[in-house]
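Notes follow the structure.
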Amino acid sequence: MQKTDSIFENTEIAFALKSDSELERAYFLFKMISIEPLVKIGTAATNFAIKAHLPIEGLIRSTVFDHFCGGVNEEDCLPVIDKMYEKGVSSVLDYSVEGKENEAEFDAAMHMILKIIDFAKAIDSIPIAVFKPTGFGRFYLYEKLGKGEALTEKEQEEWDRVVNRFDVVCKKSKDNDIAILIDAEESWMQDAADDLITQMMRKYNTDKPIVYNTLQMYRHDRLAFLEKQHEIAKTEGFYLGYKLVRGAYMEKENERAEENGYISPICINKKATDENFDVGLKYVLDNLEKMSLFAGTHNEESSYLLMQLMEERGLDNNDSRIWFGQLYGMSDHISYNLASKGYNVAKYMPFGPVKDVMPYLIRRAEENTSVAGQTSRELNLLSKEKKRRKKK
């Protein structure tokens with residue numbers, strides 16, 4: 001696969017599903033997101049308005065929410081899911097409600113994921129489900145276990161319920177043959193999550209990968225972790241599924257490391273992160289007999305590399321063990337152009353009540369502001385498509 005093919009330049013395919021007004025809205029949103037002070041002011045104002053119960057949900061819903069989210073509930077997402085699937089792009093319904101702290105909310109999150117798995121079983125366009133570890137239990141428990149500290153009797157009972165939620169969801173995924181992606185979070189809670197996910201892999205990845213862990217490749221230790229997991233899986237005879245991403249908590253990770261006087265888990269620079277991600281891709285593709293890959297990336301170079309690696313190994317574009325993934329509302333030039341060439345592509349589609357999804361939306365805005373080139377690339381492509389349509 002030669003990069004000179006430049007398949008990601010085709011804006012007609014990339015934005016085929018967007019009406020002229022939706023194209024204009026997307027351009028306006030990314031223009032706003034490109035102005036860092038505006039994002040900071042907007043974030044503070046939005047947080048204040050929500051806490052003060054000001055009536056701003058309609059404004060959020062018609063702008064940033066509708067661009068980055070599928071809807072307020074799973075049924076709400078269906079028209080969008082169907083439209084995307086007509087273009088060959090599948091959906092990963094992501095219940096993006098964050099920061100919950102009590103048992104009733106954790107149980108509600110579990111039941112929502114079970115409902116999504118039922119939903120997915122009935123619809124070809126949703127081949128994969130997803131959840132966050134802290135959607136099923138308190139961050140504090142993961143953190144305490146990760147430090148190797150003993151839980152109190154009450155905490156142990158609470159942790160047992162977390163383990164049970166994982167188990168119920170992973171069993172349901174296995175019974176329905178729906179892959180389940182488990183997202184990664186901050187490094188200081190991830191060890192406990194990793195141990196629990198490995199436990200689920202042992203139990204449910206007996207015939208093929210059903211349970212997928214997530215590796216944030218901006219962490220310099222993830223390649224060694226992957227290799228170690230591979231050795232365990234070979235010895236014990238189970239399969240591995242991995243979603244590879246670059247990572248989403250860099251500033252928080254670096255700040256905490258500095259405050260607490262330990263070496264940051266984050267790679268020294270972006271180049272090192274990119275290299276780490278690409279080596280991770282190669283490692284999984286070299287071991288496909290025991291692994292499957294969900295490549296979660298908005299990076300064109302890494303996408304071209306994965307296409308090239310597949311071609312070199314004589315793999316079909318639609319090999320069931322390999323998926324490309326992007327977030328809904330971003331990098332449509334990658335998603336839809338890959339799908340047009342027959343690759344397996346899925347968009348992460350967040351949904352949930354507007355106020356509950358706001359932490360997710362704020363993170364997306366901040367991420368687009370901080371990732372060099374991301375927003376300008378979106379703007380250039382949207383501008384290119386606007387000009388193309390005017391010439392018609």
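Letters for chains follow the order of the structure tokens (A, B, ...), residue numbers begin at 1 for each chain, and ligand numbers begin at 1 in the order shown.
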Excluding same-chain residues fewer than 4 positions from A:Glu24, what lies within 9 Å of it counting only C-alpha atoms, as a short mmCIF file (atom, residue, chain, number, x, y, z; two decimals) with N, CA and C atoms, in the first residue's frame?
```cif
data_model
loop_
_atom_site.label_atom_id
_atom_site.label_comp_id
_atom_site.auth_asym_id
_atom_site.auth_seq_id
_atom_site.Cartn_x
_atom_site.Cartn_y
_atom_site.Cartn_z
N SER A 19 -25.01 16.86 5.03
CA SER A 19 -25.71 17.85 4.20
C SER A 19 -24.86 19.13 4.18
N ASP A 20 -25.20 20.06 3.34
CA ASP A 20 -24.45 21.33 3.30
C ASP A 20 -24.48 22.04 4.65
N PHE A 28 -17.72 25.30 11.44
CA PHE A 28 -17.84 26.31 12.51
C PHE A 28 -17.31 25.75 13.84
N LEU A 29 -17.70 24.50 14.16
CA LEU A 29 -17.28 23.89 15.43
C LEU A 29 -15.77 23.75 15.51
N LEU A 382 -12.70 19.97 5.43
CA LEU A 382 -14.06 20.52 5.35
C LEU A 382 -14.12 21.66 4.34
N LYS A 386 -16.31 21.90 0.92
CA LYS A 386 -17.21 23.02 0.66
C LYS A 386 -16.94 23.61 -0.74
#
```
* To do: Could you give me the residues within stretch 123-340 of chain A that DSSP places in strand (DSSP E or B), as a VMD selection string?
  => chain A and resid 128 to 131 179 to 182 211 to 216 219 240 to 245 266 291 to 296 322 to 327
* Just the residues within 12 Å of A:Thr297, please, counting only C-alpha atoms, with nothing from its chain fewer than 2 positions along; format it as a VMD selection string. => chain A and resid 216 to 217 243 to 248 274 277 to 278 281 293 to 295 299 to 306 323 to 327 330 to 332 334 to 335 345 to 348 374
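When atom CA of A:Asp66 is paired with atom CA of A:Lys391, their separation reads 27.9 Å.
Candidate residues A:Arg25, A:Lys270, A:Asp356, A:Met349 were compared for distance to A:Gly71, and the nearest is A:Met349, using only C-alpha atoms.
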* To do: Tell me, as a ChimeraX atom specification, which residues lie within 10 Å of A:Trp159, counting only C-alpha atoms; anything in the same chain fewer than 2 positions away does not count.
  => /A:136-138,141-142,145,151,153-157,161-165
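Comparing A:His333, A:Met291, A:Ile117, A:Lys132 by their smallest distance to A:Val169, the closest is A:Ile117 (using only C-alpha atoms).
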* Using backbone DSSP assignments, extract all alpha helix (DSSP H) residues from stretch 192-382 of chain A; output them as JSON, numbers by chain. => {"A": [192, 193, 194, 195, 196, 197, 198, 199, 200, 201, 202, 203, 204, 222, 223, 224, 225, 226, 227, 228, 229, 230, 231, 232, 233, 234, 235, 236, 250, 251, 252, 253, 254, 255, 256, 257, 258, 259, 260, 270, 271, 272, 273, 274, 275, 276, 277, 278, 279, 280, 281, 282, 283, 284, 285, 286, 300, 301, 302, 303, 304, 305, 306, 307, 308, 309, 310, 311, 312, 332, 333, 334, 335, 336, 337, 338, 339, 340, 354, 355, 356, 357, 358, 359, 360, 361, 362, 363, 364, 365, 366, 367, 368, 369, 370, 374, 375, 376, 377, 378, 379, 380, 381, 382]}
Write to file, as a compact mmCIF listing (two decimals), in the first residue's frame, the residues of the selection just made, with C-alpha atoms.
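Output file again.txt is given in full below:
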```txt
# COMPACT_ATOMS: atom_id res chain seq x y z
CA ALA A 192 -5.91 -3.49 38.83
CA ALA A 193 -8.03 -3.11 35.69
CA ASP A 194 -5.41 -4.99 33.63
CA ASP A 195 -5.36 -7.87 36.12
CA LEU A 196 -9.14 -8.12 36.07
CA ILE A 197 -9.33 -7.95 32.27
CA THR A 198 -6.69 -10.70 31.97
CA GLN A 199 -8.85 -12.78 34.30
CA MET A 200 -11.81 -12.23 31.93
CA MET A 201 -9.67 -13.12 28.90
CA ARG A 202 -8.65 -16.43 30.53
CA LYS A 203 -12.27 -17.25 31.10
CA TYR A 204 -13.94 -16.04 27.89
CA ARG A 222 2.90 -0.94 27.21
CA LEU A 223 4.97 -2.84 24.66
CA ALA A 224 6.64 -4.86 27.42
CA PHE A 225 3.19 -5.44 28.94
CA LEU A 226 1.89 -6.71 25.59
CA GLU A 227 4.81 -9.11 25.19
CA LYS A 228 4.36 -10.42 28.74
CA GLN A 229 0.63 -10.94 28.21
CA HIS A 230 1.39 -12.82 25.00
CA GLU A 231 3.67 -15.21 26.89
CA ILE A 232 0.98 -15.82 29.52
CA ALA A 233 -1.67 -16.43 26.84
CA LYS A 234 0.58 -18.88 24.95
CA THR A 235 1.37 -20.78 28.15
CA GLU A 236 -2.24 -20.91 29.36
CA MET A 250 -1.22 12.93 29.00
CA GLU A 251 -1.31 16.26 30.85
CA LYS A 252 -2.86 14.67 33.93
CA GLU A 253 -0.27 11.85 33.89
CA ASN A 254 2.71 14.20 33.57
CA GLU A 255 1.41 16.60 36.23
CA ARG A 256 0.80 13.81 38.74
CA ALA A 257 4.24 12.30 38.13
CA GLU A 258 5.87 15.68 38.74
CA GLU A 259 3.81 16.39 41.86
CA ASN A 260 4.55 12.97 43.35
CA LYS A 270 5.30 12.45 20.33
CA LYS A 271 7.82 10.74 18.04
CA ALA A 272 8.46 8.08 20.69
CA THR A 273 4.70 7.62 21.13
CA ASP A 274 4.21 7.23 17.38
CA GLU A 275 7.02 4.68 17.18
CA ASN A 276 5.60 2.79 20.16
CA PHE A 277 2.14 2.68 18.57
CA ASP A 278 3.49 1.47 15.23
CA VAL A 279 5.67 -1.23 16.82
CA GLY A 280 2.55 -2.35 18.73
CA LEU A 281 0.65 -2.67 15.43
CA LYS A 282 3.44 -4.79 13.96
CA TYR A 283 3.62 -6.99 17.05
CA VAL A 284 -0.09 -7.82 16.96
CA LEU A 285 -0.04 -8.46 13.20
CA ASP A 286 2.97 -10.77 13.62
CA GLU A 300 -3.04 8.94 8.88
CA GLU A 301 0.55 7.63 8.95
CA SER A 302 -0.39 4.79 11.31
CA SER A 303 -3.46 3.99 9.22
CA TYR A 304 -1.35 3.78 6.05
CA LEU A 305 1.16 1.62 7.93
CA LEU A 306 -1.52 -0.83 9.04
CA MET A 307 -2.85 -1.06 5.48
CA GLN A 308 0.70 -1.73 4.27
CA LEU A 309 1.35 -4.38 6.94
CA MET A 310 -1.87 -6.16 5.98
CA GLU A 311 -0.92 -6.10 2.30
CA GLU A 312 2.62 -7.39 3.01
CA ASP A 332 -14.31 11.01 8.62
CA HIS A 333 -11.71 11.20 5.84
CA ILE A 334 -10.03 8.15 7.40
CA SER A 335 -13.15 6.18 8.36
CA TYR A 336 -15.19 6.45 5.18
CA ASN A 337 -12.30 6.16 2.75
CA LEU A 338 -11.07 3.00 4.51
CA ALA A 339 -14.61 1.58 4.44
CA SER A 340 -14.87 2.35 0.72
CA VAL A 354 -26.59 15.82 27.48
CA LYS A 355 -25.44 16.95 30.94
CA ASP A 356 -23.96 13.54 31.75
CA VAL A 357 -21.99 13.42 28.51
CA MET A 358 -20.50 16.91 29.00
CA PRO A 359 -17.22 15.67 30.59
CA TYR A 360 -16.66 13.57 27.47
CA LEU A 361 -17.46 16.47 25.13
CA ILE A 362 -15.17 18.84 27.04
CA ARG A 363 -12.34 16.29 26.79
CA ARG A 364 -12.90 16.04 23.02
CA ALA A 365 -12.70 19.83 22.65
CA GLU A 366 -9.56 20.05 24.78
CA GLU A 367 -7.96 17.12 22.95
CA ASN A 368 -8.58 18.74 19.56
CA THR A 369 -7.05 21.96 20.86
CA SER A 370 -3.93 20.25 22.21
CA GLN A 374 -5.69 17.62 14.25
CA THR A 375 -8.09 20.55 14.07
CA SER A 376 -6.35 22.28 11.17
CA ARG A 377 -6.51 19.01 9.19
CA GLU A 378 -10.27 18.75 9.84
CA LEU A 379 -10.75 22.38 8.81
CA ASN A 380 -8.72 21.98 5.60
CA LEU A 381 -10.70 18.92 4.54
CA LEU A 382 -14.06 20.52 5.35
```
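Relative to atom CA of A:Ser173, atom CA of A:Phe139 is found at 23.9 Å.
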Would you write out, as a Markdown table, a table of all residues in stretch 158-227 of chain A that have an atom no more than 12 Å from an atom of stretch 88-93 of chain A, listing for each the closest atom pair and the distance in Å to one decimal, considering only C-alpha atoms and ordering rows by chain and rising residue number?
```
| residue | atom | partner | partner_atom | distance |
| --- | --- | --- | --- | --- |
| A:Ile178 | CA | A:Val92 | CA | 10.9 |
| A:Ala179 | CA | A:Val92 | CA | 10.1 |
| A:Ile180 | CA | A:Val92 | CA | 9.6 |
| A:Leu181 | CA | A:Val92 | CA | 9.2 |
| A:Ile182 | CA | A:Val92 | CA | 11.8 |
```
